[in-house]
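For reference, the structure is listed below as structure tokens.
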Amino acid sequence: MGYKNLKALVVNASQEVNYSQEFKDKAIEKMKKAGTHPGSKSLRKWGTVELVDPKNQSGDLPTRNHQSGQFNYADKVNAKALDNYVYQNTGCYSCPIRCSRLSKVENGDYQAEIEGPEYETINSMGPMVDNHDMELIIYANKLCNEYGIDTISTGVIISFAMECHEKGILDDEELSLEWGDKETITELIKKIAFREGLGDLLAEGCYRAAKKIGQGAEELAMHVKKMEIPMQEPRASKAMGLGHATSNRGADHLYGLPTIDLTGNVEVAEKYFSEYMPQILEVYSQKYKPEMLSFTQEYNAISDALGVCKFSTTENFALLPEDIAEGISLLREDLDFDEEELLKAGERIINLERMYNYRHGMTRSADNLPERFLKDSLNIYEVEKDNKLTDKVVVENLKVDLDQMLDIYYQLRGWNQKGVPTEEKLKELDMEELIKDL
Ligand code: SF4
């Protein structure tokens with residue numbers, strides 16, 4: 001929208017939409033199914049912040065610009081810590097899951113009342129910038145909301161600036177830029193929003209800011225296709241790493257959301273990947289992750305196209321592709337969709353996006369991850385009951401072999417090894433009109 005200088009879209013409805021009674025009954029049946037799934041119940045009780053503790057255990061909690069995947073103060077930014085500020089459970093209109101909550105900081109320097117914060121914001125304004133003050137996280141979330149800037153990108157950019165300072169390549173006259181410095185966090189959010197001082201440079205995003213800073217700053221810029229990487233650690237979660245690298249819009253956890261291994265969803269893994277069991281569920285292994293990702297990407301493309309929240313689809317598979325296909329077939333009498341055709345429609349969307357990127361010159365080199373994940377080893381340390389890390393290494397030397405996963409991923413997609421759809425694939429998907437662009 002920014003590229004097209006488009007500020008907003010307004011849809012003015014002029015007609016009633018009439019649904020059959022059969023569709024309405026089916027929709028209610030599926031809503032009940034989505035709302036009563038065990039994963040949904042947990043989301044309703046805790047919200048996405050429930051991820052902090054398990055991710056800290058598994059090394060998937062990005063800390064200090066991905067210099068670590070674990071945070072020694074996780075108990076200060078986890079679900080229990082947030083609960084001190086939550087005063088109401090809430091959710092999007094008509095949602096049977098209701099994962100959201102309202103929170104409030106009533107006293108002190110960081111008074112704020114917001115919806116959230118969600119896991120992504122807690123991590124980006126917490127461990128990523130080495131901050132364990134939950135009140136500051138809530139306040140930072142409020143500032144970003146008011147300024148209309150993304151909490152993930154903003155947290156990653158502040159984290160990038162702090163690491164540049166640590167490495168001796170960035171200073172500021174007014175702010176310390178030290179890890180965890182509260183004034184640096186709150187003031188940089190404002191400066192980025194108003195493009196003041198250092199904020200003017202950082203507002204460009206970490207890719208462009210790093211180019212201007214130079215002196216090795218590019219290696220500290222955590223982005224894919226110039227989009228800041230959300231709160232997953234690719235070395236600890238290989239499928240998520242591949243998902244970020246291959247996302248057509250740049251790093252985006254919701255583009256692939258391959259969480260079947262992370263949630264240990266045996267039922268879904270057995271239904272769709274019985275031949276790859278049990279290895280596909282091993283989170284630190286790369287094995288069968290391209291297979292998992294290409295499936296979840298297709299289901300996500302459909303979730304996005306239909307406006308179905310992914311907390312009912314790919315996060316926990318409360319609703320399976322067959323559930324959605326049933327709904328479409330009842331809604332549109334001219335379409336008789338089954339699960340296979342539904343996922344094929346998702347595949348068409350991914351190929352269409354890929355061809356758009358290709359027209360803009362993007363090929364395999366754009367499906368990349370920062371070198372840190374490919375070259376620097378990540379160790380995972382034991383976490384004690386009080387959430388403190390010990391010196392005992394439980395998993396060592398984790399890195400991403402991205403090329404190995406990309407080779408398989410492109411093969412599964414029916415693309416060439418440059419990451420571009422082939423003529424055969426476009427024909428198979430009834431997208432012949434795009435062949436001229438190859
Ligand atoms: S629609 Fe999704 S994001 Fe909104 S409350 Fe429901 S589960 Fe949460």
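The way I read the labels, and the way they are meant: chains A, B, ... in the order of the structure tokens, residue 1 as the first residue of every chain, and ligand 1 as the first ligand shown, with later ones counted on from there.
Running DSSP on the backbone gives strand (DSSP E) for these residues within stretch 101-313 of chain A: Arg101, Leu102, Ser103, Lys104, Val105, Ala112, Glu113, Ile114, Glu115, His223, Val224, Met227 and Glu228 of chain A.
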Restricted to all heavy atoms, what would the selected residues look like written as a compact mmCIF listing (two decimals), in the first residue's frame?
```txt
# COMPACT_ATOMS: atom_id res chain seq x y z
N ARG A 101 -6.46 -10.36 25.21
CA ARG A 101 -6.75 -9.86 26.56
C ARG A 101 -6.45 -8.37 26.63
O ARG A 101 -5.65 -7.85 25.86
CB ARG A 101 -5.95 -10.60 27.64
CG ARG A 101 -4.48 -10.68 27.46
CD ARG A 101 -4.02 -12.05 26.99
NE ARG A 101 -4.41 -13.12 27.87
CZ ARG A 101 -5.37 -14.03 27.55
NH1 ARG A 101 -5.95 -14.01 26.39
NH2 ARG A 101 -5.69 -14.99 28.38
N LEU A 102 -7.12 -7.72 27.57
CA LEU A 102 -6.90 -6.29 27.78
C LEU A 102 -6.01 -6.14 29.00
O LEU A 102 -6.23 -6.81 30.02
CB LEU A 102 -8.23 -5.57 28.01
CG LEU A 102 -9.28 -5.73 26.90
CD1 LEU A 102 -10.57 -5.02 27.28
CD2 LEU A 102 -8.75 -5.17 25.57
N SER A 103 -5.02 -5.27 28.90
CA SER A 103 -4.12 -5.09 30.05
C SER A 103 -3.93 -3.61 30.35
O SER A 103 -4.14 -2.74 29.48
CB SER A 103 -2.78 -5.78 29.79
OG SER A 103 -2.19 -5.25 28.64
N LYS A 104 -3.55 -3.35 31.58
CA LYS A 104 -3.45 -1.96 32.03
C LYS A 104 -2.30 -1.80 33.02
O LYS A 104 -2.12 -2.62 33.92
CB LYS A 104 -4.76 -1.60 32.72
CG LYS A 104 -4.95 -0.12 32.99
CD LYS A 104 -6.08 0.11 33.97
CE LYS A 104 -7.43 0.18 33.30
NZ LYS A 104 -8.51 0.53 34.21
N VAL A 105 -1.52 -0.72 32.83
CA VAL A 105 -0.53 -0.33 33.84
C VAL A 105 -1.09 0.94 34.47
O VAL A 105 -1.24 1.96 33.80
CB VAL A 105 0.85 -0.04 33.21
CG1 VAL A 105 1.85 0.39 34.28
CG2 VAL A 105 1.37 -1.26 32.45
N ALA A 112 -0.49 2.75 30.82
CA ALA A 112 -1.00 2.41 29.50
C ALA A 112 -2.17 1.45 29.65
O ALA A 112 -2.24 0.69 30.61
CB ALA A 112 0.09 1.76 28.65
N GLU A 113 -3.04 1.47 28.66
CA GLU A 113 -4.15 0.51 28.62
C GLU A 113 -4.26 0.06 27.18
O GLU A 113 -4.48 0.88 26.29
CB GLU A 113 -5.44 1.18 29.10
CG GLU A 113 -6.57 0.21 29.23
CD GLU A 113 -7.79 0.83 29.91
OE1 GLU A 113 -7.72 2.00 30.33
OE2 GLU A 113 -8.80 0.12 30.02
N ILE A 114 -4.08 -1.23 26.94
CA ILE A 114 -4.04 -1.71 25.56
C ILE A 114 -4.74 -3.06 25.42
O ILE A 114 -5.00 -3.74 26.41
CB ILE A 114 -2.59 -1.91 25.05
CG1 ILE A 114 -1.83 -2.90 25.95
CG2 ILE A 114 -1.86 -0.61 24.92
CD1 ILE A 114 -0.59 -3.47 25.31
N GLU A 115 -4.96 -3.47 24.17
CA GLU A 115 -5.30 -4.86 23.89
C GLU A 115 -3.97 -5.54 23.63
O GLU A 115 -3.18 -5.11 22.82
CB GLU A 115 -6.21 -4.97 22.67
CG GLU A 115 -6.61 -6.41 22.40
CD GLU A 115 -7.64 -6.55 21.29
OE1 GLU A 115 -8.27 -5.55 20.92
OE2 GLU A 115 -7.80 -7.69 20.82
N HIS A 223 16.88 -9.56 8.80
CA HIS A 223 15.75 -9.37 7.88
C HIS A 223 15.76 -10.45 6.80
O HIS A 223 16.78 -11.12 6.57
CB HIS A 223 15.84 -8.00 7.21
CG HIS A 223 16.94 -7.95 6.17
ND1 HIS A 223 16.72 -8.23 4.84
CD2 HIS A 223 18.28 -7.71 6.30
CE1 HIS A 223 17.87 -8.14 4.18
NE2 HIS A 223 18.83 -7.83 5.05
N VAL A 224 14.63 -10.63 6.16
CA VAL A 224 14.54 -11.42 4.93
C VAL A 224 13.75 -10.59 3.94
O VAL A 224 12.67 -10.09 4.26
CB VAL A 224 13.78 -12.76 5.16
CG1 VAL A 224 13.55 -13.48 3.82
CG2 VAL A 224 14.55 -13.67 6.11
N MET A 227 12.46 -7.31 5.22
CA MET A 227 11.46 -7.28 6.31
C MET A 227 12.08 -7.89 7.56
O MET A 227 12.68 -8.98 7.50
CB MET A 227 10.23 -8.09 5.91
CG MET A 227 9.18 -8.12 7.00
SD MET A 227 7.75 -7.17 6.59
CE MET A 227 6.76 -8.42 5.79
N GLU A 228 11.94 -7.18 8.69
CA GLU A 228 12.54 -7.65 9.95
C GLU A 228 11.96 -9.02 10.34
O GLU A 228 10.76 -9.26 10.19
CB GLU A 228 12.28 -6.63 11.07
CG GLU A 228 13.13 -5.37 10.96
CD GLU A 228 12.73 -4.43 9.84
OE1 GLU A 228 11.56 -4.50 9.41
OE2 GLU A 228 13.56 -3.62 9.37
```
Sorted by chain and rising residue number, list the residues of stretch 30-76 of chain A at most 10 Å from stretch 355-379 of chain A (counting only C-alpha atoms), each with its closest atom pair and distance in Å to one decimal, as JSON lines.
```
{"residue": "A:Gly59", "atom": "CA", "partner": "A:Asn379", "partner_atom": "CA", "distance": 8.0}
{"residue": "A:His66", "atom": "CA", "partner": "A:Arg372", "partner_atom": "CA", "distance": 8.2}
{"residue": "A:Gln67", "atom": "CA", "partner": "A:Leu378", "partner_atom": "CA", "distance": 8.3}
{"residue": "A:Ser68", "atom": "CA", "partner": "A:Leu378", "partner_atom": "CA", "distance": 7.0}
{"residue": "A:Gly69", "atom": "CA", "partner": "A:Leu378", "partner_atom": "CA", "distance": 7.6}
{"residue": "A:Gln70", "atom": "CA", "partner": "A:Asn379", "partner_atom": "CA", "distance": 9.5}
```
Can I get the selected residues back with all heavy atoms, as an mmCIF file, in the first residue's frame?
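For reference, result_39.cif as written:
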```
data_model
loop_
_atom_site.group_PDB
_atom_site.id
_atom_site.type_symbol
_atom_site.label_atom_id
_atom_site.label_comp_id
_atom_site.auth_asym_id
_atom_site.auth_seq_id
_atom_site.Cartn_x
_atom_site.Cartn_y
_atom_site.Cartn_z
ATOM 1 N N GLY A 59 15.052 -22.869 23.234
ATOM 2 C CA GLY A 59 16.042 -22.000 22.581
ATOM 3 C C GLY A 59 15.467 -21.200 21.435
ATOM 4 O O GLY A 59 16.189 -20.721 20.561
ATOM 5 N N HIS A 66 19.137 -11.936 18.406
ATOM 6 C CA HIS A 66 19.445 -13.326 18.023
ATOM 7 C C HIS A 66 20.872 -13.740 18.386
ATOM 8 O O HIS A 66 21.396 -14.679 17.814
ATOM 9 C CB HIS A 66 19.218 -13.562 16.523
ATOM 10 C CG HIS A 66 17.780 -13.539 16.114
ATOM 11 N ND1 HIS A 66 16.969 -14.654 16.114
ATOM 12 C CD2 HIS A 66 16.997 -12.523 15.695
ATOM 13 C CE1 HIS A 66 15.761 -14.324 15.704
ATOM 14 N NE2 HIS A 66 15.746 -13.033 15.445
ATOM 15 N N GLN A 67 21.479 -13.051 19.358
ATOM 16 C CA GLN A 67 22.773 -13.555 19.826
ATOM 17 C C GLN A 67 22.554 -14.777 20.710
ATOM 18 O O GLN A 67 23.474 -15.555 20.951
ATOM 19 C CB GLN A 67 23.532 -12.465 20.592
ATOM 20 C CG GLN A 67 23.930 -11.312 19.669
ATOM 21 C CD GLN A 67 24.846 -10.327 20.364
ATOM 22 O OE1 GLN A 67 26.031 -10.572 20.529
ATOM 23 N NE2 GLN A 67 24.305 -9.197 20.753
ATOM 24 N N SER A 68 21.335 -14.921 21.218
ATOM 25 C CA SER A 68 20.969 -16.102 22.008
ATOM 26 C C SER A 68 19.507 -16.438 21.702
ATOM 27 O O SER A 68 18.762 -15.610 21.161
ATOM 28 C CB SER A 68 21.150 -15.785 23.500
ATOM 29 O OG SER A 68 20.514 -16.771 24.280
ATOM 30 N N GLY A 69 19.121 -17.646 22.055
ATOM 31 C CA GLY A 69 17.711 -18.050 21.893
ATOM 32 C C GLY A 69 17.045 -18.263 23.239
ATOM 33 O O GLY A 69 15.982 -18.869 23.330
ATOM 34 N N GLN A 70 17.700 -17.782 24.295
ATOM 35 C CA GLN A 70 17.151 -17.946 25.648
ATOM 36 C C GLN A 70 17.396 -16.678 26.463
ATOM 37 O O GLN A 70 18.383 -15.967 26.241
ATOM 38 C CB GLN A 70 17.807 -19.144 26.340
ATOM 39 C CG GLN A 70 17.408 -20.473 25.697
ATOM 40 C CD GLN A 70 18.179 -21.638 26.263
ATOM 41 O OE1 GLN A 70 19.396 -21.701 26.094
ATOM 42 N NE2 GLN A 70 17.491 -22.551 26.909
#
```
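When only C-alpha atoms and all ligand atoms are used to compute distances to ligand 1, the closest of the residues A:Ile280, A:Met128, A:Val308, A:Leu198 turns out to be A:Val308.
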Discussion item. As a count of residues only, please: the residues near A:Ile213 (cut-off 10 Å, only C-alpha atoms, same-chain neighbours under 6 positions excluded).
Written reply: 4
Discussion item. Using only C-alpha atoms and all ligand atoms, which residues of the polymer chains come no farther than 10 Å from ligand 1? I'd like the answer as a ChimeraX atom specification.
Written reply: /A:34-35,40,43-44,47-48,89-101,118,307-313,315
Neighbouring residues of A:Thr151 were defined as those with any atom within 9 Å, considering only C-alpha atoms; residues of the same chain fewer than 6 positions away were excluded. Please report them as a PDB file with all heavy atoms, in the first residue's frame.
```pdb
ATOM      1  N   GLU A 120       4.566 -11.828  20.250  1.00  0.00           N
ATOM      2  CA  GLU A 120       5.572 -11.224  19.370  1.00  0.00           C
ATOM      3  C   GLU A 120       6.083  -9.896  19.944  1.00  0.00           C
ATOM      4  O   GLU A 120       7.281  -9.609  19.909  1.00  0.00           O
ATOM      5  CB  GLU A 120       4.988 -10.995  17.967  1.00  0.00           C
ATOM      6  CG  GLU A 120       4.751 -12.266  17.163  1.00  0.00           C
ATOM      7  CD  GLU A 120       6.026 -12.884  16.618  1.00  0.00           C
ATOM      8  OE1 GLU A 120       6.991 -12.154  16.364  1.00  0.00           O
ATOM      9  OE2 GLU A 120       6.055 -14.120  16.437  1.00  0.00           O
ATOM     10  N   THR A 121       5.158  -9.092  20.480  1.00  0.00           N
ATOM     11  CA  THR A 121       5.549  -7.793  21.045  1.00  0.00           C
ATOM     12  C   THR A 121       6.339  -7.989  22.335  1.00  0.00           C
ATOM     13  O   THR A 121       7.325  -7.283  22.591  1.00  0.00           O
ATOM     14  CB  THR A 121       4.290  -6.950  21.324  1.00  0.00           C
ATOM     15  OG1 THR A 121       3.534  -6.875  20.123  1.00  0.00           O
ATOM     16  CG2 THR A 121       4.654  -5.558  21.800  1.00  0.00           C
ATOM     17  N   SER A 124       9.782  -8.942  21.200  1.00  0.00           N
ATOM     18  CA  SER A 124      10.543  -7.906  20.478  1.00  0.00           C
ATOM     19  C   SER A 124      10.879  -6.714  21.372  1.00  0.00           C
ATOM     20  O   SER A 124      11.924  -6.083  21.203  1.00  0.00           O
ATOM     21  CB  SER A 124       9.787  -7.432  19.226  1.00  0.00           C
ATOM     22  OG  SER A 124       8.589  -6.798  19.587  1.00  0.00           O
ATOM     23  N   MET A 125      10.009  -6.402  22.335  1.00  0.00           N
ATOM     24  CA  MET A 125      10.277  -5.286  23.251  1.00  0.00           C
ATOM     25  C   MET A 125      10.827  -5.788  24.587  1.00  0.00           C
ATOM     26  O   MET A 125      11.039  -5.008  25.508  1.00  0.00           O
ATOM     27  CB  MET A 125       8.988  -4.488  23.505  1.00  0.00           C
ATOM     28  CG  MET A 125       8.465  -3.802  22.274  1.00  0.00           C
ATOM     29  SD  MET A 125       9.629  -2.555  21.665  1.00  0.00           S
ATOM     30  CE  MET A 125       8.766  -1.995  20.191  1.00  0.00           C
ATOM     31  N   ALA A 140       5.465   0.300  25.576  1.00  0.00           N
ATOM     32  CA  ALA A 140       6.046   0.323  24.219  1.00  0.00           C
ATOM     33  C   ALA A 140       5.005  -0.109  23.192  1.00  0.00           C
ATOM     34  O   ALA A 140       4.908   0.458  22.097  1.00  0.00           O
ATOM     35  CB  ALA A 140       7.270  -0.605  24.160  1.00  0.00           C
ATOM     36  N   ASN A 141       4.200  -1.101  23.555  1.00  0.00           N
ATOM     37  CA  ASN A 141       3.124  -1.569  22.670  1.00  0.00           C
ATOM     38  C   ASN A 141       2.134  -0.420  22.412  1.00  0.00           C
ATOM     39  O   ASN A 141       1.728  -0.158  21.284  1.00  0.00           O
ATOM     40  CB  ASN A 141       2.421  -2.749  23.340  1.00  0.00           C
ATOM     41  CG  ASN A 141       1.538  -3.558  22.398  1.00  0.00           C
ATOM     42  OD1 ASN A 141       1.327  -4.753  22.619  1.00  0.00           O
ATOM     43  ND2 ASN A 141       1.019  -2.945  21.359  1.00  0.00           N
ATOM     44  N   CYS A 144       3.639   2.194  20.015  1.00  0.00           N
ATOM     45  CA  CYS A 144       3.636   1.726  18.614  1.00  0.00           C
ATOM     46  C   CYS A 144       2.226   1.773  18.040  1.00  0.00           C
ATOM     47  O   CYS A 144       2.025   2.172  16.889  1.00  0.00           O
ATOM     48  CB  CYS A 144       4.196   0.306  18.516  1.00  0.00           C
ATOM     49  SG  CYS A 144       5.969   0.224  18.796  1.00  0.00           S
ATOM     50  N   ASN A 145       1.242   1.368  18.838  1.00  0.00           N
ATOM     51  CA  ASN A 145      -0.153   1.422  18.361  1.00  0.00           C
ATOM     52  C   ASN A 145      -0.531   2.853  18.008  1.00  0.00           C
ATOM     53  O   ASN A 145      -1.123   3.115  16.958  1.00  0.00           O
ATOM     54  CB  ASN A 145      -1.114   0.928  19.450  1.00  0.00           C
ATOM     55  CG  ASN A 145      -1.074  -0.571  19.611  1.00  0.00           C
ATOM     56  OD1 ASN A 145      -0.382  -1.271  18.887  1.00  0.00           O
ATOM     57  ND2 ASN A 145      -1.817  -1.066  20.594  1.00  0.00           N
TER      58      ASN A 145
END
```
Worksheet entry | Counting only C-alpha atoms, the residue of A:Asp304, A:Glu298, A:Glu326, A:Glu178 that sits nearest A:Leu343 |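 Closest residue, counting only C-alpha atoms: A:Glu298.
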Discussion item. Which of stretch 209-371 of chain A end up as helix (DSSP H, G or I) when DSSP is run on this backbone - answer as a VMD selection string?
Written reply: chain A and resid 209 to 213 217 to 220 238 to 246 253 to 256 266 to 276 279 to 281 289 to 306 321 to 331 339 to 359 364 to 366 371
Worksheet item: For the atom pair atom CA of A:Leu136 and atom CA of A:Glu233, what is the interatomic distance in Å to one decimal place?
Response: 23.3 Å
